[in-house]
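K.L.:
My file is query.txt. It has compact mmCIF, C-alpha atoms:
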```txt
# COMPACT_ATOMS: atom_id res chain seq x y z
CA MET A 1 -31.51 -9.31 -18.40
CA GLY A 2 -29.57 -12.40 -17.36
CA LEU A 3 -28.87 -13.05 -13.70
CA GLY A 4 -25.11 -12.57 -14.09
CA LEU A 5 -25.59 -9.19 -15.76
CA ALA A 6 -28.01 -8.18 -13.03
CA VAL A 7 -25.45 -9.08 -10.35
CA LYS A 8 -22.72 -7.05 -12.07
CA GLN A 9 -25.03 -4.09 -12.55
CA ARG A 10 -25.95 -4.19 -8.88
CA ALA A 11 -22.25 -4.26 -7.97
CA ILE A 12 -21.64 -1.06 -9.94
CA GLU A 13 -24.70 0.59 -8.36
CA ILE A 14 -23.34 -0.25 -4.90
CA GLY A 15 -20.14 1.59 -5.74
CA PHE A 16 -17.67 -0.92 -7.14
CA ASP A 17 -15.72 0.22 -10.18
CA LEU A 18 -15.25 -3.21 -11.77
CA ALA A 19 -17.30 -6.38 -11.72
CA GLY A 20 -17.04 -9.75 -13.46
CA ILE A 21 -18.02 -13.39 -13.16
CA ALA A 22 -15.36 -16.09 -12.90
CA PRO A 23 -15.75 -19.84 -13.41
CA LEU A 24 -14.30 -22.46 -11.07
CA GLY A 25 -11.77 -23.53 -13.69
CA ALA A 26 -8.72 -21.64 -12.47
CA CYS A 27 -6.54 -24.73 -12.29
CA LYS A 28 -3.59 -23.21 -14.15
CA ASP A 29 -3.48 -20.10 -11.99
CA LEU A 30 -3.95 -22.02 -8.76
CA GLU A 31 -1.25 -24.52 -9.72
CA PHE A 32 1.11 -21.62 -10.39
CA SER A 33 0.26 -20.16 -6.97
CA ARG A 34 1.01 -23.46 -5.26
CA ARG A 35 4.35 -23.87 -7.06
CA TRP A 36 5.20 -20.25 -6.24
CA VAL A 37 4.81 -20.97 -2.53
CA GLU A 38 6.81 -24.19 -2.84
CA ARG A 39 9.70 -22.22 -4.38
CA GLY A 40 9.87 -20.15 -1.21
CA TYR A 41 8.75 -16.93 -2.87
CA GLY A 42 6.19 -16.31 -0.12
CA GLY A 43 8.87 -15.86 2.53
CA GLU A 44 7.47 -16.24 6.03
CA MET A 45 3.83 -15.87 4.91
CA SER A 46 2.96 -19.44 5.87
CA TYR A 47 -0.76 -18.85 5.46
CA LEU A 48 -0.21 -18.91 1.69
CA ALA A 49 0.38 -22.67 1.93
CA ASN A 50 -3.19 -23.30 3.14
CA PRO A 51 -4.50 -26.20 0.96
CA GLN A 52 -7.93 -24.56 0.84
CA ARG A 53 -6.40 -22.05 -1.57
CA ASP A 54 -6.08 -24.81 -4.17
CA ASP A 55 -9.83 -25.10 -4.76
CA PRO A 56 -12.75 -22.88 -3.63
CA ARG A 57 -14.87 -26.03 -3.28
CA ARG A 58 -12.86 -26.78 -0.17
CA ILE A 59 -14.49 -23.70 1.32
CA LEU A 60 -17.98 -23.97 -0.19
CA PRO A 61 -18.49 -27.44 -1.72
CA SER A 62 -21.56 -26.33 -3.68
CA VAL A 63 -19.93 -23.24 -5.23
CA LYS A 64 -20.52 -22.81 -8.97
CA SER A 65 -19.41 -19.23 -9.70
CA LEU A 66 -17.38 -16.41 -8.24
CA VAL A 67 -18.38 -12.76 -8.42
CA CYS A 68 -15.24 -10.58 -8.55
CA VAL A 69 -15.23 -6.84 -7.94
CA GLY A 70 -12.70 -4.01 -7.89
CA LEU A 71 -12.74 -0.70 -6.02
CA VAL A 72 -10.39 2.12 -7.06
CA TYR A 73 -8.41 3.71 -4.22
CA ASN A 74 -6.05 5.92 -6.22
CA THR A 75 -5.98 9.62 -5.35
CA PRO A 76 -4.73 12.41 -7.67
CA LEU A 77 -1.50 12.94 -5.76
CA PRO A 78 2.06 12.40 -7.08
CA TYR A 79 3.67 8.98 -7.24
CA SER A 80 6.79 8.13 -5.28
CA THR A 81 8.69 8.30 -8.57
CA GLU A 82 7.32 11.79 -9.30
CA VAL A 83 8.33 13.60 -6.15
CA GLY A 84 11.60 14.97 -7.52
CA LYS A 85 14.32 14.76 -10.13
CA LYS A 86 17.52 13.86 -8.27
CA PRO A 87 18.65 10.46 -6.92
CA SER A 88 16.79 9.91 -3.68
CA VAL A 89 15.97 7.59 -0.82
CA VAL A 90 12.24 7.62 -1.56
CA SER A 91 12.18 5.58 -4.74
CA CYS A 92 15.91 4.82 -4.95
CA GLN A 93 15.56 6.67 -8.25
CA LEU A 94 14.09 10.11 -7.64
CA SER A 95 14.54 12.71 -4.92
CA VAL A 96 12.13 13.74 -2.21
CA ALA A 97 9.99 16.42 -3.83
CA GLU A 98 9.38 19.99 -2.99
CA THR A 99 5.91 19.39 -1.62
CA ASN A 100 4.86 22.95 -0.85
CA ASP A 101 2.67 23.11 -3.96
CA GLN A 102 1.58 19.47 -3.71
CA GLN A 103 0.64 19.41 -0.06
CA GLY A 104 0.29 22.99 1.08
CA THR A 105 2.60 22.51 4.08
CA ASP A 106 6.37 22.99 4.24
CA ASN A 107 7.93 25.59 1.93
CA GLU A 108 10.94 23.47 1.07
CA GLN A 109 14.01 24.03 -1.06
CA PRO A 110 16.69 21.50 -2.07
CA ALA A 111 19.33 20.97 0.59
CA THR A 112 21.52 17.89 0.18
CA ASP A 113 22.08 14.96 -2.12
CA HIS A 114 20.44 12.70 0.45
CA GLY A 115 16.98 14.14 -0.13
CA PRO A 116 16.09 16.34 2.91
CA ARG A 117 14.71 19.79 2.15
CA THR A 118 15.14 23.00 4.15
CA THR A 119 11.93 24.60 5.39
CA ASP A 120 11.17 28.17 6.32
CA ASP A 121 11.92 27.37 9.97
CA GLY A 122 15.47 26.37 9.04
CA HIS A 123 14.98 22.66 9.59
CA ALA A 124 15.35 19.94 6.99
CA HIS A 125 12.44 17.54 6.79
CA ALA A 126 13.49 14.16 5.47
CA ARG A 127 10.31 12.56 4.19
CA ALA A 128 8.99 9.02 4.38
CA TRP A 129 6.89 7.05 1.92
CA ILE A 130 3.77 5.11 2.88
CA SER A 131 2.15 2.93 0.25
CA ARG A 132 -0.77 4.57 -1.52
CA TYR A 133 -3.26 1.93 -0.45
CA ALA A 134 -2.55 2.68 3.23
CA TRP A 135 -3.10 6.44 3.18
CA GLY A 136 -6.72 6.18 4.20
CA GLN A 137 -9.05 3.87 6.08
CA ASP A 138 -8.51 0.12 6.17
CA TYR A 139 -9.78 -1.22 2.86
CA HIS A 140 -11.01 -4.41 4.52
CA GLU A 141 -13.74 -2.41 6.26
CA ILE A 142 -14.78 -0.49 3.13
CA MET A 143 -14.76 -3.51 0.83
CA ARG A 144 -16.48 -5.78 3.33
CA ALA A 145 -19.36 -3.36 3.85
CA LYS A 146 -19.95 -3.05 0.09
CA LEU A 147 -19.60 -6.80 -0.44
CA GLU A 148 -22.18 -7.49 2.25
CA ARG A 149 -24.55 -5.19 0.39
CA LEU A 150 -23.83 -7.07 -2.82
CA ARG A 151 -24.32 -10.41 -1.06
CA LYS A 152 -27.73 -9.23 0.14
CA ALA A 153 -28.61 -8.12 -3.39
CA ILE A 154 -27.63 -11.54 -4.78
CA GLU A 155 -29.76 -13.29 -2.17
CA GLU A 156 -32.70 -11.06 -3.12
CA LEU A 157 -32.21 -11.91 -6.78
CA ALA A 158 -31.98 -15.63 -6.04
CA PRO A 159 -33.54 -16.61 -2.70
CA GLY A 160 -31.94 -19.66 -1.15
CA VAL A 161 -28.53 -19.12 -2.71
CA GLU A 162 -25.43 -19.78 -0.59
CA THR A 163 -22.60 -17.25 -0.55
CA ARG A 164 -19.23 -16.59 1.05
CA VAL A 165 -17.52 -13.18 1.09
CA TYR A 166 -13.74 -12.59 1.03
CA VAL A 167 -11.57 -9.49 1.11
CA ASP A 168 -7.94 -10.60 1.25
CA THR A 169 -8.58 -12.37 4.54
CA GLY A 170 -9.43 -15.95 3.59
CA PRO A 171 -8.01 -18.89 1.63
CA ILE A 172 -9.01 -17.53 -1.77
CA VAL A 173 -6.54 -16.55 -4.50
CA GLU A 174 -8.59 -13.49 -5.43
CA ARG A 175 -6.23 -12.35 -8.17
CA ALA A 176 -6.51 -15.64 -10.07
CA PHE A 177 -10.30 -15.55 -10.23
CA ALA A 178 -10.39 -11.80 -10.82
CA ARG A 179 -8.19 -12.33 -13.89
CA LEU A 180 -10.58 -14.96 -15.20
CA SER A 181 -13.55 -12.67 -14.54
CA GLY A 182 -12.20 -10.15 -17.05
CA ILE A 183 -11.77 -7.19 -14.70
CA GLY A 184 -8.06 -7.06 -15.49
CA TRP A 185 -5.05 -8.95 -16.81
CA MET A 186 -2.08 -10.06 -14.74
CA GLY A 187 0.68 -7.54 -15.26
CA LYS A 188 4.38 -8.29 -15.30
CA ASN A 189 4.52 -6.66 -11.85
CA THR A 190 1.96 -9.33 -10.73
CA CYS A 191 -0.71 -6.65 -10.15
CA LEU A 192 -4.06 -6.89 -11.88
CA ILE A 193 -4.40 -4.15 -14.52
CA ASP A 194 -7.55 -2.82 -16.13
CA GLU A 195 -7.17 -1.01 -19.45
CA ALA A 196 -9.41 1.88 -18.39
CA LYS A 197 -8.83 2.03 -14.63
CA GLY A 198 -5.16 1.11 -14.23
CA SER A 199 -4.04 -1.09 -11.33
CA TRP A 200 -4.87 0.95 -8.25
CA PHE A 201 -7.89 -1.03 -7.09
CA PHE A 202 -8.78 -3.43 -4.29
CA LEU A 203 -10.24 -6.87 -4.99
CA GLY A 204 -13.20 -8.62 -3.42
CA VAL A 205 -14.76 -12.01 -4.15
CA ILE A 206 -18.14 -13.61 -3.45
CA LEU A 207 -18.45 -17.37 -3.79
CA THR A 208 -21.96 -18.34 -4.85
CA THR A 209 -23.91 -21.51 -5.60
CA LEU A 210 -25.48 -19.76 -8.60
CA ALA A 211 -24.36 -21.05 -11.99
CA LEU A 212 -23.70 -17.66 -13.61
CA GLU A 213 -22.37 -17.25 -17.13
CA PRO A 214 -18.65 -16.39 -16.80
CA ASP A 215 -16.98 -13.45 -18.47
CA LEU A 216 -13.94 -13.78 -20.72
CA PRO A 217 -10.46 -12.99 -19.35
CA ALA A 218 -9.00 -9.66 -20.42
CA PRO A 219 -6.16 -9.87 -22.96
CA ASP A 220 -2.63 -9.27 -21.70
CA ARG A 221 -1.60 -5.76 -22.79
CA CYS A 222 1.83 -5.52 -21.16
CA GLY A 223 3.50 -6.22 -24.50
CA SER A 224 7.28 -5.84 -24.49
CA CYS A 225 7.30 -3.34 -21.60
CA THR A 226 9.62 -4.19 -18.70
CA ALA A 227 9.45 -0.88 -16.80
CA CYS A 228 8.37 -2.52 -13.55
CA LEU A 229 11.14 -5.13 -13.60
CA GLU A 230 13.77 -2.50 -14.27
CA ALA A 231 12.49 -0.13 -11.56
CA CYS A 232 12.29 -2.55 -8.62
CA PRO A 233 15.17 -1.57 -6.28
CA THR A 234 15.46 -5.01 -4.67
CA GLY A 235 15.02 -7.20 -7.76
CA ALA A 236 11.85 -8.74 -6.35
CA LEU A 237 10.43 -9.18 -9.87
CA VAL A 238 12.68 -12.07 -10.79
CA GLU A 239 11.06 -12.48 -14.21
CA PRO A 240 7.93 -11.19 -15.94
CA TYR A 241 4.80 -12.15 -13.96
CA VAL A 242 6.86 -13.63 -11.11
CA MET A 243 7.60 -11.81 -7.87
CA ASN A 244 9.81 -13.18 -5.14
CA ALA A 245 7.92 -11.60 -2.27
CA SER A 246 10.77 -12.36 0.12
CA ARG A 247 12.76 -9.62 -1.69
CA CYS A 248 9.92 -7.08 -1.89
CA ILE A 249 9.99 -3.81 0.06
CA SER A 250 6.33 -4.27 0.97
CA TYR A 251 7.14 -7.67 2.44
CA PHE A 252 10.09 -6.30 4.42
CA THR A 253 8.13 -3.39 5.88
CA ILE A 254 4.78 -5.11 6.49
CA GLU A 255 4.82 -8.91 6.54
CA LEU A 256 8.30 -9.68 7.86
CA LYS A 257 8.25 -9.70 11.64
CA GLY A 258 11.97 -10.11 12.32
CA SER A 259 15.11 -8.47 11.00
CA ILE A 260 15.26 -7.09 7.48
CA PRO A 261 18.25 -8.67 5.69
CA GLU A 262 21.06 -6.15 5.83
CA ALA A 263 21.78 -6.45 2.12
CA PHE A 264 18.38 -4.91 1.35
CA ARG A 265 18.16 -2.14 3.95
CA ALA A 266 19.80 0.61 1.92
CA LYS A 267 17.58 -0.28 -1.05
CA ILE A 268 14.45 0.29 1.01
CA GLY A 269 15.17 4.01 0.99
CA ALA A 270 12.51 6.05 2.79
CA HIS A 271 9.76 3.44 2.60
CA VAL A 272 8.29 2.85 6.05
CA PHE A 273 5.17 0.94 5.01
CA GLY A 274 4.85 -0.77 1.66
CA CYS A 275 6.10 0.25 -1.78
CA ASP A 276 4.42 1.51 -4.97
CA ILE A 277 7.31 1.70 -7.42
CA CYS A 278 6.28 -1.13 -9.77
CA GLN A 279 2.83 0.45 -10.13
CA ASP A 280 4.16 4.02 -10.24
CA VAL A 281 6.19 3.29 -13.37
CA CYS A 282 3.50 1.24 -15.15
CA PRO A 283 2.38 2.98 -18.36
CA TRP A 284 -1.20 1.92 -17.65
CA ASN A 285 -1.07 4.15 -14.58
CA GLY A 286 0.39 6.97 -16.65
CA LYS A 287 -0.45 10.60 -17.28
CA GLY A 288 -3.18 12.08 -19.37
CA ARG A 289 -6.82 12.93 -18.87
CA SER A 290 -8.04 11.77 -15.45
CA GLN A 291 -11.29 9.98 -14.82
CA GLU A 292 -12.79 9.99 -11.36
CA SER A 293 -14.32 7.00 -9.66
CA GLY A 294 -16.86 7.10 -6.86
CA ASP A 295 -18.29 10.15 -5.13
CA ARG A 296 -16.17 13.30 -4.98
CA SER A 297 -15.22 14.28 -1.47
CA GLN A 298 -16.96 17.36 -0.13
CA ASN A 299 -14.19 18.01 2.40
CA GLU A 300 -13.55 21.74 2.49
CA ASN A 301 -9.79 21.05 2.51
CA ASP A 302 -9.95 19.22 -0.81
CA GLN A 303 -8.27 20.96 -3.72
CA PRO A 304 -8.47 20.14 -7.43
CA PRO A 305 -5.35 18.55 -8.94
CA ALA A 306 -4.49 21.73 -10.83
CA ALA A 307 -4.32 23.67 -7.57
CA LEU A 308 -1.89 21.10 -6.20
CA GLY A 309 0.40 21.32 -9.19
CA ILE A 310 -0.44 17.75 -10.19
CA GLN A 311 -0.66 16.50 -13.75
CA GLN A 312 -3.93 14.86 -14.69
CA ARG A 313 -3.93 11.10 -15.31
CA SER A 314 -5.67 8.74 -17.64
CA VAL A 315 -5.72 6.27 -14.75
CA ALA A 316 -8.83 6.36 -12.58
CA THR A 317 -8.89 8.20 -9.27
CA THR A 318 -11.40 8.20 -6.45
CA GLY A 319 -13.14 10.94 -4.52
CA LEU A 320 -14.11 8.62 -1.67
CA THR A 321 -13.13 10.32 1.56
CA GLU A 322 -12.17 6.97 3.11
CA PHE A 323 -9.20 6.65 0.76
CA GLN A 324 -7.86 10.20 1.01
CA PRO A 325 -4.62 10.64 3.01
CA LEU A 326 -5.20 10.65 6.75
CA GLN A 327 -4.33 13.93 8.45
CA ILE A 328 -2.55 13.25 11.73
CA GLN A 329 -3.32 15.85 14.35
CA ASP A 330 -0.86 16.66 17.12
CA PRO A 331 -1.30 13.61 19.38
CA ARG A 332 -0.13 15.42 22.52
CA ALA A 333 1.52 18.55 23.88
CA ALA A 334 4.80 19.64 22.30
CA ALA A 335 6.72 18.76 25.47
CA GLN A 336 5.74 15.12 25.06
CA ARG A 337 6.56 14.92 21.37
CA GLY A 338 9.25 12.53 20.17
CA GLN A 339 8.85 9.75 22.69
CA LEU A 340 9.48 6.05 22.31
CA THR A 341 7.31 3.64 24.28
CA THR A 342 9.05 0.55 25.60
CA ASP A 343 7.46 -2.82 26.22
CA ASP A 344 7.02 -1.97 29.91
CA GLY A 345 5.10 1.18 29.01
CA GLN A 346 7.83 3.62 29.99
CA ARG A 347 8.53 6.65 27.83
CA THR A 348 11.85 8.13 26.80
CA ASP A 349 11.92 11.86 26.09
CA GLY A 350 12.69 14.00 23.05
CA ARG A 351 14.86 13.28 20.08
CA VAL A 352 13.61 15.13 17.03
CA SER A 353 13.18 18.77 16.02
CA SER A 354 9.83 20.52 16.01
CA PHE A 355 7.48 20.51 13.04
CA GLN A 356 3.95 21.55 12.33
CA PHE A 357 0.88 19.35 12.70
CA PRO A 358 -1.39 18.29 11.09
CA VAL A 359 0.69 15.91 9.00
CA SER A 360 -0.62 14.06 5.95
CA LEU A 361 0.27 10.41 5.33
CA PHE A 362 1.16 11.48 1.81
CA ASN A 363 4.99 11.77 1.82
CA PRO A 364 5.05 12.74 5.54
CA PRO A 365 8.04 14.16 7.43
CA LEU A 366 9.96 11.23 8.88
CA GLU A 367 10.41 13.01 12.18
CA ALA A 368 6.63 13.38 12.54
CA LEU A 369 6.17 9.62 12.25
CA ALA A 370 9.01 9.10 14.72
CA SER A 371 7.20 11.25 17.28
CA LEU A 372 4.37 8.75 17.75
CA THR A 373 4.32 6.67 20.91
CA GLU A 374 2.94 3.16 20.99
CA ASP A 375 -0.37 4.48 22.34
CA ASP A 376 -0.45 7.06 19.53
CA PHE A 377 0.28 4.37 16.96
CA ARG A 378 -2.50 2.10 18.16
CA ARG A 379 -5.03 4.89 18.40
CA LEU A 380 -4.23 6.72 15.17
CA PHE A 381 -3.95 3.59 13.03
CA ALA A 382 -6.71 1.52 14.64
CA ARG A 383 -8.69 1.71 11.37
CA SER A 384 -5.68 1.86 9.05
CA PRO A 385 -3.79 -0.89 7.20
CA ILE A 386 -0.66 0.45 8.91
CA LYS A 387 -1.61 -1.33 12.13
CA ARG A 388 -0.56 -4.61 10.50
CA ALA A 389 3.12 -3.70 10.90
CA LYS A 390 2.65 -3.32 14.67
CA TYR A 391 4.59 -0.73 16.64
CA ARG A 392 7.69 -2.89 16.85
CA GLY A 393 7.83 -3.18 13.06
CA TRP A 394 7.04 0.53 12.74
CA LEU A 395 10.09 1.44 14.83
CA ARG A 396 12.24 -0.98 12.86
CA ASN A 397 11.13 0.60 9.59
CA LEU A 398 11.70 4.12 10.89
CA CYS A 399 15.24 3.17 11.88
CA VAL A 400 15.97 1.97 8.35
CA ALA A 401 14.51 5.12 6.77
CA MET A 402 16.52 7.31 9.14
CA GLY A 403 19.69 5.41 8.32
CA ASN A 404 19.01 6.04 4.64
CA SER A 405 18.10 9.71 5.11
CA GLY A 406 21.65 11.05 5.36
CA ASP A 407 20.40 13.31 8.16
CA PRO A 408 22.63 13.22 11.28
CA ARG A 409 19.96 15.01 13.30
CA PHE A 410 18.29 11.62 13.72
CA VAL A 411 21.28 10.36 15.70
CA PRO A 412 19.84 11.23 19.17
CA TRP A 413 16.57 9.44 18.37
CA LEU A 414 18.47 6.41 17.06
CA GLU A 415 20.75 6.33 20.10
CA LEU A 416 17.71 5.97 22.32
CA ALA A 417 16.14 3.45 19.94
CA ALA A 418 19.36 1.43 20.21
CA GLU A 419 18.55 1.01 23.91
CA HIS A 420 15.07 -0.35 23.16
CA PRO A 421 14.50 -3.76 24.83
CA ASP A 422 13.30 -5.32 21.58
CA PRO A 423 16.35 -6.87 19.83
CA VAL A 424 15.01 -6.15 16.34
CA VAL A 425 14.55 -2.44 17.07
CA HIS A 426 17.96 -2.34 18.75
CA GLU A 427 19.67 -4.00 15.78
CA HIS A 428 18.18 -1.72 13.14
CA ALA A 429 18.86 1.40 15.20
CA ALA A 430 22.50 0.37 15.54
CA TRP A 431 22.70 -0.22 11.78
CA ALA A 432 21.22 3.22 11.08
CA LEU A 433 23.60 4.89 13.53
CA SER A 434 26.57 3.27 11.82
CA ARG A 435 25.46 4.80 8.51
CA LEU A 436 24.81 8.29 9.83
CA THR A 437 27.95 8.51 11.93
CA LYS A 438 30.09 7.60 8.91
CA LEU A 439 28.81 10.56 6.91
CA PRO A 440 31.49 13.08 5.85
```
As structure tokens - that is how I would like this structure written.
P.N.:
Amino acid sequence: MGLGLAVKQRAIEIGFDLAGIAPLGACKDLEFSRRWVERGYGGEMSYLANPQRDDPRRILPSVKSLVCVGLVYNTPLPYSTEVGKKPSVVSCQLSVAETNDQQGTDNEQPATDHGPRTTDDGHAHARAWISRYAWGQDYHEIMRAKLERLRKAIEELAPGVETRVYVDTGPIVERAFARLSGIGWMGKNTCLIDEAKGSWFFLGVILTTLALEPDLPAPDRCGSCTACLEACPTGALVEPYVMNASRCISYFTIELKGSIPEAFRAKIGAHVFGCDICQDVCPWNGKGRSQESGDRSQNENDQPPAALGIQQRSVATTGLTEFQPLQIQDPRAAAQRGQLTTDDGQRTDGRVSSFQFPVSLFNPPLEALASLTEDDFRRLFARSPIKRAKYRGWLRNLCVAMGNSGDPRFVPWLELAAEHPDPVVHEHAAWALSRLTKLP
């Protein structure tokens, strides 16, 4: 067995779903990445202009090969574009679903054209959308731990080798080298797609001084399909294979620290952290016979897809407990629920109706998310990707989702948010109030 094959086999044994070897010759992809940044498509993400991204030898001068791996995080729960059939604020295409069969919580029935549903307690629960990758534990932790195991295995196979490990945190264009390693082709939505697994997987890279035989790039199988371009509510996919990130819902709700341009706020719908639409509509993530990746969760609350009323998929799913939707327990007594924390640590009391905890991060009630204080946010999301938005950005995003909900019961919460000392929170709360108070 060759050394490269041994490395890839060890990667699969450690728990990665995809593994390939990339050469250093990614000049075309790296040149495209540099020009993309120069065109302003990276928005305020200034770290993308780091010149080290132009050549991995600027990080490890003796590097000869890159080991690229993928880890599936997809769970067998509905997509944002599957949660209903009427026009809605979740996907800007489809309505908020009746999730009683999908989630085992609220027994909801259709209520209004804006998407809220009426529960058995008489309250409508407008629901939010959190990107699939952020439902569970922070992928940086999971990927890093597995990559460190793979690094150790490589060093055992070749004593004296130098390595560097990266998980979306360093000056490496992981997607460019992953494409060259053969673990997927670059889709028109700019996500890496594997023919068997789909596109719901995280990427990791190990730079090594070993001269390993590279794999061949996967052929592009997007064909004439333009589903992702047509589905993007904000027109972020300006042409096939090119995304203007400064128009992307994920950028607005995660990376952008200031005000979301007003022209895009209504198009964000109910998204409060990230967006999955361009992957949701991809045929390579479509329905059919599912295949599971990783170890099946033994959590007693787990239910098979059939029990949840979910159609099986041909795209891979994972049973890893770390990537299952976090269940938020009641963070405090009911009397304290619904409080905003200001910069000086003071709390402002109640604004939203009651609801039942625990709450899943899969399509959660918007009012449940709005009940979290800053202390709650920091504690609950300490090991979640959601912490990247910070509490200030979280409040901003909630204001936008509330403004798009069509639910006037959020007005009291928004009136208090409009008094928040942070100007960004204040501005977005005022915008949301203007929308809700103009409702017929």
K.L.:
Residues at most 7 Å from A:Asn74, counting only C-alpha atoms, excluding those fewer than 6 positions away in the same chain, as a short mmCIF file (atom, residue, chain, number, x, y, z; two decimals) with C-alpha atoms, keeping the file's coordinate frame?
P.N.:
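around_28.cif, written as the output of this step:
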```cif
data_model
loop_
_atom_site.label_atom_id
_atom_site.label_comp_id
_atom_site.auth_asym_id
_atom_site.auth_seq_id
_atom_site.Cartn_x
_atom_site.Cartn_y
_atom_site.Cartn_z
CA TRP A 200 -4.87 0.95 -8.25
CA ALA A 316 -8.83 6.36 -12.58
CA THR A 317 -8.89 8.20 -9.27
CA THR A 318 -11.40 8.20 -6.45
#
```
K.L.:
Calculate how many Å separate atom CA of A:Ile260 from atom CA of A:Leu203, rounding to one decimal.
P.N.:
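Interatomic distance here is 28.4 Å.
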K.L.:
From the set A:Glu162, A:Ala22, A:Glu82, A:Ser246, which residue has the shortest atom-to-atom contact distance to A:Gly40, counting all atoms listed in the file?
P.N.:
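Smallest separation from A:Gly40 among the options: A:Ser246.
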K.L.:
Of the candidates A:Pro240, A:Gly70, A:Gly43, A:Gly136, which shows the shortest atom-to-atom distance to A:Arg383, using only C-alpha atoms?
P.N.:
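That would be A:Gly136, the residue with the smallest distance to A:Arg383.
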K.L.:
Ranking A:Asp215, A:Glu239, A:Asp422, A:Asp376 by minimum distance to A:Gly258 and counting all atoms listed in the file, which one comes first?
P.N.:
A:Asp422
K.L.:
Choose the residue, out of A:Val165, A:Ile14, A:Ile386, A:Val424, that has the smallest atom-to-atom separation from A:Lys257; count all atoms listed in the file.
P.N.:
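Among the listed residues, the smallest separation from A:Lys257 belongs to A:Val424.
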K.L.:
Report, in Å to a single decimal, how far apart atom CA of A:Leu369 and atom CA of A:Met143 are.
P.N.:
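Value for the atom CA of A:Met143-atom CA of A:Leu369 distance: 27.2 Å.
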K.L.:
Rounded to one decimal place, report the atom CA of A:Tyr79-atom CA of A:Val400 distance in Å.
P.N.:
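Value for the atom CA of A:Tyr79-atom CA of A:Val400 distance: 21.1 Å.
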K.L.:
Mind running stretch 168-256 of chain A against stretch 47-57 of chain A at 7 Å and telling me each contacting residue's nearest atom pair with the distance in Å (one decimal), counting all atoms listed in the file, chain and number ascending, as CSV?
P.N.:
```
residue,atom,partner,partner_atom,distance
A:Pro171,CA,A:Arg53,CA,4.8
A:Ile172,CA,A:Arg53,CA,5.2
A:Val173,CA,A:Arg53,CA,6.2
```
K.L.:
When you count only C-alpha atoms, which of these residues is closest to A:Phe264: A:Leu71, A:Ala26, A:Cys232, A:Ile277?
P.N.:
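Closest to A:Phe264, using only C-alpha atoms: A:Cys232.
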K.L.:
Counting only C-alpha atoms, which residue out of A:Leu366, A:Leu433, A:Leu361, A:Ala245 sits closest to A:Met45?
P.N.:
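Under the stated criterion, the closest residue is A:Ala245.
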K.L.:
I'd like the contact shell of A:Leu395 - 12 Å cut-off, only C-alpha atoms, skipping same-chain residues fewer than 5 positions apart - returned as a compact mmCIF listing (two decimals) with C-alpha atoms, keeping the file's coordinate frame.
P.N.:
```txt
# COMPACT_ATOMS: atom_id res chain seq x y z
CA THR A 253 8.13 -3.39 5.88
CA ILE A 254 4.78 -5.11 6.49
CA LYS A 257 8.25 -9.70 11.64
CA GLY A 258 11.97 -10.11 12.32
CA SER A 259 15.11 -8.47 11.00
CA VAL A 272 8.29 2.85 6.05
CA PHE A 273 5.17 0.94 5.01
CA GLN A 339 8.85 9.75 22.69
CA LEU A 340 9.48 6.05 22.31
CA THR A 341 7.31 3.64 24.28
CA THR A 342 9.05 0.55 25.60
CA LEU A 366 9.96 11.23 8.88
CA GLU A 367 10.41 13.01 12.18
CA LEU A 369 6.17 9.62 12.25
CA ALA A 370 9.01 9.10 14.72
CA SER A 371 7.20 11.25 17.28
CA LEU A 372 4.37 8.75 17.75
CA THR A 373 4.32 6.67 20.91
CA GLU A 374 2.94 3.16 20.99
CA PHE A 377 0.28 4.37 16.96
CA ALA A 389 3.12 -3.70 10.90
CA LYS A 390 2.65 -3.32 14.67
CA VAL A 400 15.97 1.97 8.35
CA ALA A 401 14.51 5.12 6.77
CA MET A 402 16.52 7.31 9.14
CA TRP A 413 16.57 9.44 18.37
CA LEU A 414 18.47 6.41 17.06
CA LEU A 416 17.71 5.97 22.32
CA ALA A 417 16.14 3.45 19.94
CA ALA A 418 19.36 1.43 20.21
CA HIS A 420 15.07 -0.35 23.16
CA ASP A 422 13.30 -5.32 21.58
CA PRO A 423 16.35 -6.87 19.83
CA VAL A 424 15.01 -6.15 16.34
CA VAL A 425 14.55 -2.44 17.07
CA HIS A 426 17.96 -2.34 18.75
CA GLU A 427 19.67 -4.00 15.78
CA HIS A 428 18.18 -1.72 13.14
CA ALA A 429 18.86 1.40 15.20
CA ALA A 432 21.22 3.22 11.08
```
K.L.:
Write out as a ChimeraX atom specification which residues come within 12 Å of A:Glu230 when counting only C-alpha atoms, dropping same-chain ones fewer than 6 positions away.
P.N.:
/A:93,188-189,236-240,277-278,281-282
